[in-house]
Amino acid sequence: MTNSQQDVSTPELIEQVIGSGLFSFDDEPYFTWQGCEHCADGLGATVYHLQGCRSLEDREVHEFQVCGDCIICLYYGMRRTYHA
């Protein structure tokens with residue numbers, strides 16, 4: 001792990017990987033009590049196994065458990081809105 005990667009938190013690293021567009025994730029989500037590594041609300045969540053690189057120059061493959069809402073919000077730039 002390089003020095004620049006040591007200074008990056010997991011949510012920031014997930015944002016960089018998804019922002020690069022150089023990622024893939026499993027077709028089927030699964031439930032885990034560990035929850036999403038991006039929103040990390042402390043609750044269990046249905047997540048996807050996501051893997052990817054931060055850039056074409058960065059050849060290290062990063063792997064995360066990310067919920068579908070976070071993938072959509074980060075990739076498409078949409079904010080979560082909840083209606084009561």
# chains A, B, ... in the order shown; residues from 1 in each chain; ligands from 1
call {"tool": "residues_around", "arguments": {"residues": "Val47 in chain A", "least_positions_apart": "6", "cutoff": "8 Å", "atoms": "only C-alpha atoms", "output": "PyMOL selection string"}}
result
chain A and resi 29-32+35-36+65-68
call {"tool": "select_by_dssp", "arguments": {"residues": "chain A", "states": "helix (DSSP H, G or I)", "output": "list of chain:residue names"}}
result
A:Asn3, A:Ser4, A:Gln5, A:Gln6, A:Thr10, A:Pro11, A:Glu12, A:Leu13, A:Ile14, A:Glu15, A:Gln16, A:Val17, A:Ile18, A:Gly19, A:Ser20, A:Gly68, A:Asp69, A:Cys70, A:Ile71, A:Ile72, A:Cys73, A:Leu74, A:Tyr75, A:Tyr76
call {"tool": "residues_around", "arguments": {"residues": "range 15-25 of chain A", "least_positions_apart": "6", "cutoff": "9 Å", "atoms": "only C-alpha atoms", "output": "tab-separated table (two decimals) with all heavy atoms, in the first residue's frame"}}
result
chain	number	residue	atom	x	y	z
A	38	HIS	N	-19.43	1.99	2.81
A	38	HIS	CA	-19.45	3.42	2.49
A	38	HIS	C	-20.32	4.20	3.46
A	38	HIS	O	-19.86	5.12	4.10
A	38	HIS	CB	-19.93	3.67	1.05
A	38	HIS	CG	-19.85	5.11	0.68
A	38	HIS	ND1	-20.94	5.94	0.76
A	38	HIS	CD2	-18.82	5.88	0.25
A	38	HIS	CE1	-20.58	7.16	0.39
A	38	HIS	NE2	-19.30	7.14	0.09
A	48	TYR	N	-23.43	-5.51	-2.23
A	48	TYR	CA	-22.80	-6.14	-3.39
A	48	TYR	C	-21.30	-6.21	-3.13
A	48	TYR	O	-20.73	-5.31	-2.52
A	48	TYR	CB	-23.03	-5.32	-4.66
A	48	TYR	CG	-24.46	-5.28	-5.12
A	48	TYR	CD1	-25.34	-4.34	-4.64
A	48	TYR	CD2	-24.91	-6.21	-6.05
A	48	TYR	CE1	-26.66	-4.30	-5.08
A	48	TYR	CE2	-26.23	-6.18	-6.50
A	48	TYR	CZ	-27.09	-5.23	-6.00
A	48	TYR	OH	-28.39	-5.20	-6.43
A	49	HIS	N	-20.68	-7.26	-3.61
A	49	HIS	CA	-19.21	-7.36	-3.57
A	49	HIS	C	-18.71	-6.54	-4.76
A	49	HIS	O	-18.92	-6.90	-5.91
A	49	HIS	CB	-18.76	-8.82	-3.68
A	49	HIS	CG	-17.29	-8.96	-3.71
A	49	HIS	ND1	-16.52	-8.92	-2.57
A	49	HIS	CD2	-16.42	-9.12	-4.75
A	49	HIS	CE1	-15.25	-9.05	-2.91
A	49	HIS	NE2	-15.16	-9.17	-4.21
A	50	LEU	N	-18.09	-5.40	-4.48
A	50	LEU	CA	-17.62	-4.48	-5.52
A	50	LEU	C	-16.10	-4.54	-5.56
A	50	LEU	O	-15.45	-4.57	-4.53
A	50	LEU	CB	-18.08	-3.06	-5.20
A	50	LEU	CG	-17.73	-1.99	-6.21
A	50	LEU	CD1	-18.93	-1.08	-6.43
A	50	LEU	CD2	-16.55	-1.16	-5.76
A	51	GLN	N	-15.55	-4.56	-6.76
A	51	GLN	CA	-14.10	-4.54	-6.92
A	51	GLN	C	-13.73	-3.63	-8.07
A	51	GLN	O	-14.47	-3.52	-9.04
A	51	GLN	CB	-13.56	-5.95	-7.15
A	51	GLN	CG	-14.22	-6.68	-8.28
A	51	GLN	CD	-13.94	-8.17	-8.21
A	51	GLN	OE1	-13.50	-8.69	-7.18
A	51	GLN	NE2	-14.20	-8.86	-9.29
A	52	GLY	N	-12.61	-2.93	-7.93
A	52	GLY	CA	-12.19	-2.04	-9.00
A	52	GLY	C	-10.91	-1.29	-8.65
A	52	GLY	O	-10.32	-1.48	-7.59
A	53	CYS	N	-10.50	-0.42	-9.57
A	53	CYS	CA	-9.28	0.37	-9.44
A	53	CYS	C	-9.63	1.85	-9.39
A	53	CYS	O	-10.64	2.29	-9.93
A	53	CYS	CB	-8.36	0.13	-10.63
A	53	CYS	SG	-7.83	-1.58	-10.80
A	54	ARG	N	-8.75	2.64	-8.78
A	54	ARG	CA	-8.99	4.08	-8.68
A	54	ARG	C	-8.72	4.80	-9.99
A	54	ARG	O	-9.30	5.83	-10.26
A	54	ARG	CB	-8.11	4.69	-7.59
A	54	ARG	CG	-8.45	4.16	-6.23
A	54	ARG	CD	-7.75	4.85	-5.11
A	54	ARG	NE	-6.34	5.10	-5.35
A	54	ARG	CZ	-5.61	5.90	-4.60
A	54	ARG	NH1	-6.13	6.51	-3.57
A	54	ARG	NH2	-4.33	6.07	-4.85
A	55	SER	N	-7.81	4.27	-10.79
A	55	SER	CA	-7.46	4.89	-12.07
A	55	SER	C	-6.77	3.86	-12.95
A	55	SER	O	-6.44	2.78	-12.49
A	55	SER	CB	-6.54	6.10	-11.86
A	55	SER	OG	-5.27	5.67	-11.40
A	56	LEU	N	-6.53	4.23	-14.19
A	56	LEU	CA	-5.82	3.32	-15.09
A	56	LEU	C	-4.38	3.12	-14.64
A	56	LEU	O	-3.78	2.08	-14.91
A	56	LEU	CB	-5.86	3.85	-16.52
A	56	LEU	CG	-7.23	3.82	-17.19
A	56	LEU	CD1	-7.17	4.52	-18.55
A	56	LEU	CD2	-7.72	2.40	-17.35
A	62	HIS	N	-9.11	-3.00	-5.53
A	62	HIS	CA	-9.69	-2.80	-4.21
A	62	HIS	C	-11.03	-3.53	-4.16
A	62	HIS	O	-11.76	-3.55	-5.15
A	62	HIS	CB	-9.91	-1.31	-3.94
A	62	HIS	CG	-8.66	-0.50	-4.07
A	62	HIS	ND1	-7.71	-0.44	-3.08
A	62	HIS	CD2	-8.19	0.25	-5.09
A	62	HIS	CE1	-6.71	0.33	-3.48
A	62	HIS	NE2	-6.98	0.77	-4.69
A	71	ILE	N	-23.96	2.65	-4.43
A	71	ILE	CA	-23.44	2.49	-5.79
A	71	ILE	C	-24.17	3.43	-6.74
A	71	ILE	O	-23.55	4.16	-7.51
A	71	ILE	CB	-23.58	1.03	-6.26
A	71	ILE	CG1	-22.66	0.11	-5.46
A	71	ILE	CG2	-23.23	0.92	-7.76
A	71	ILE	CD1	-22.88	-1.37	-5.69
A	74	LEU	N	-23.35	7.24	-5.90
A	74	LEU	CA	-21.99	7.64	-6.26
A	74	LEU	C	-21.75	7.61	-7.76
A	74	LEU	O	-21.08	8.47	-8.31
A	74	LEU	CB	-20.97	6.74	-5.55
A	74	LEU	CG	-20.91	6.90	-4.04
A	74	LEU	CD1	-20.05	5.80	-3.42
A	74	LEU	CD2	-20.39	8.27	-3.66
A	75	TYR	N	-22.31	6.63	-8.44
A	75	TYR	CA	-22.08	6.50	-9.88
A	75	TYR	C	-22.86	7.54	-10.68
A	75	TYR	O	-22.33	8.15	-11.60
A	75	TYR	CB	-22.42	5.10	-10.36
A	75	TYR	CG	-22.01	4.85	-11.79
A	75	TYR	CD1	-20.66	4.71	-12.12
A	75	TYR	CD2	-22.94	4.76	-12.80
A	75	TYR	CE1	-20.27	4.49	-13.42
A	75	TYR	CE2	-22.57	4.54	-14.12
A	75	TYR	CZ	-21.22	4.41	-14.42
A	75	TYR	OH	-20.84	4.20	-15.72
call {"tool": "closest_residue", "arguments": {"among": "A:Glu57, A:Asp27, A:Pro11, A:Gln34", "to": "Cys70 in chain A", "atoms": "only C-alpha atoms"}}
result
A:Pro11
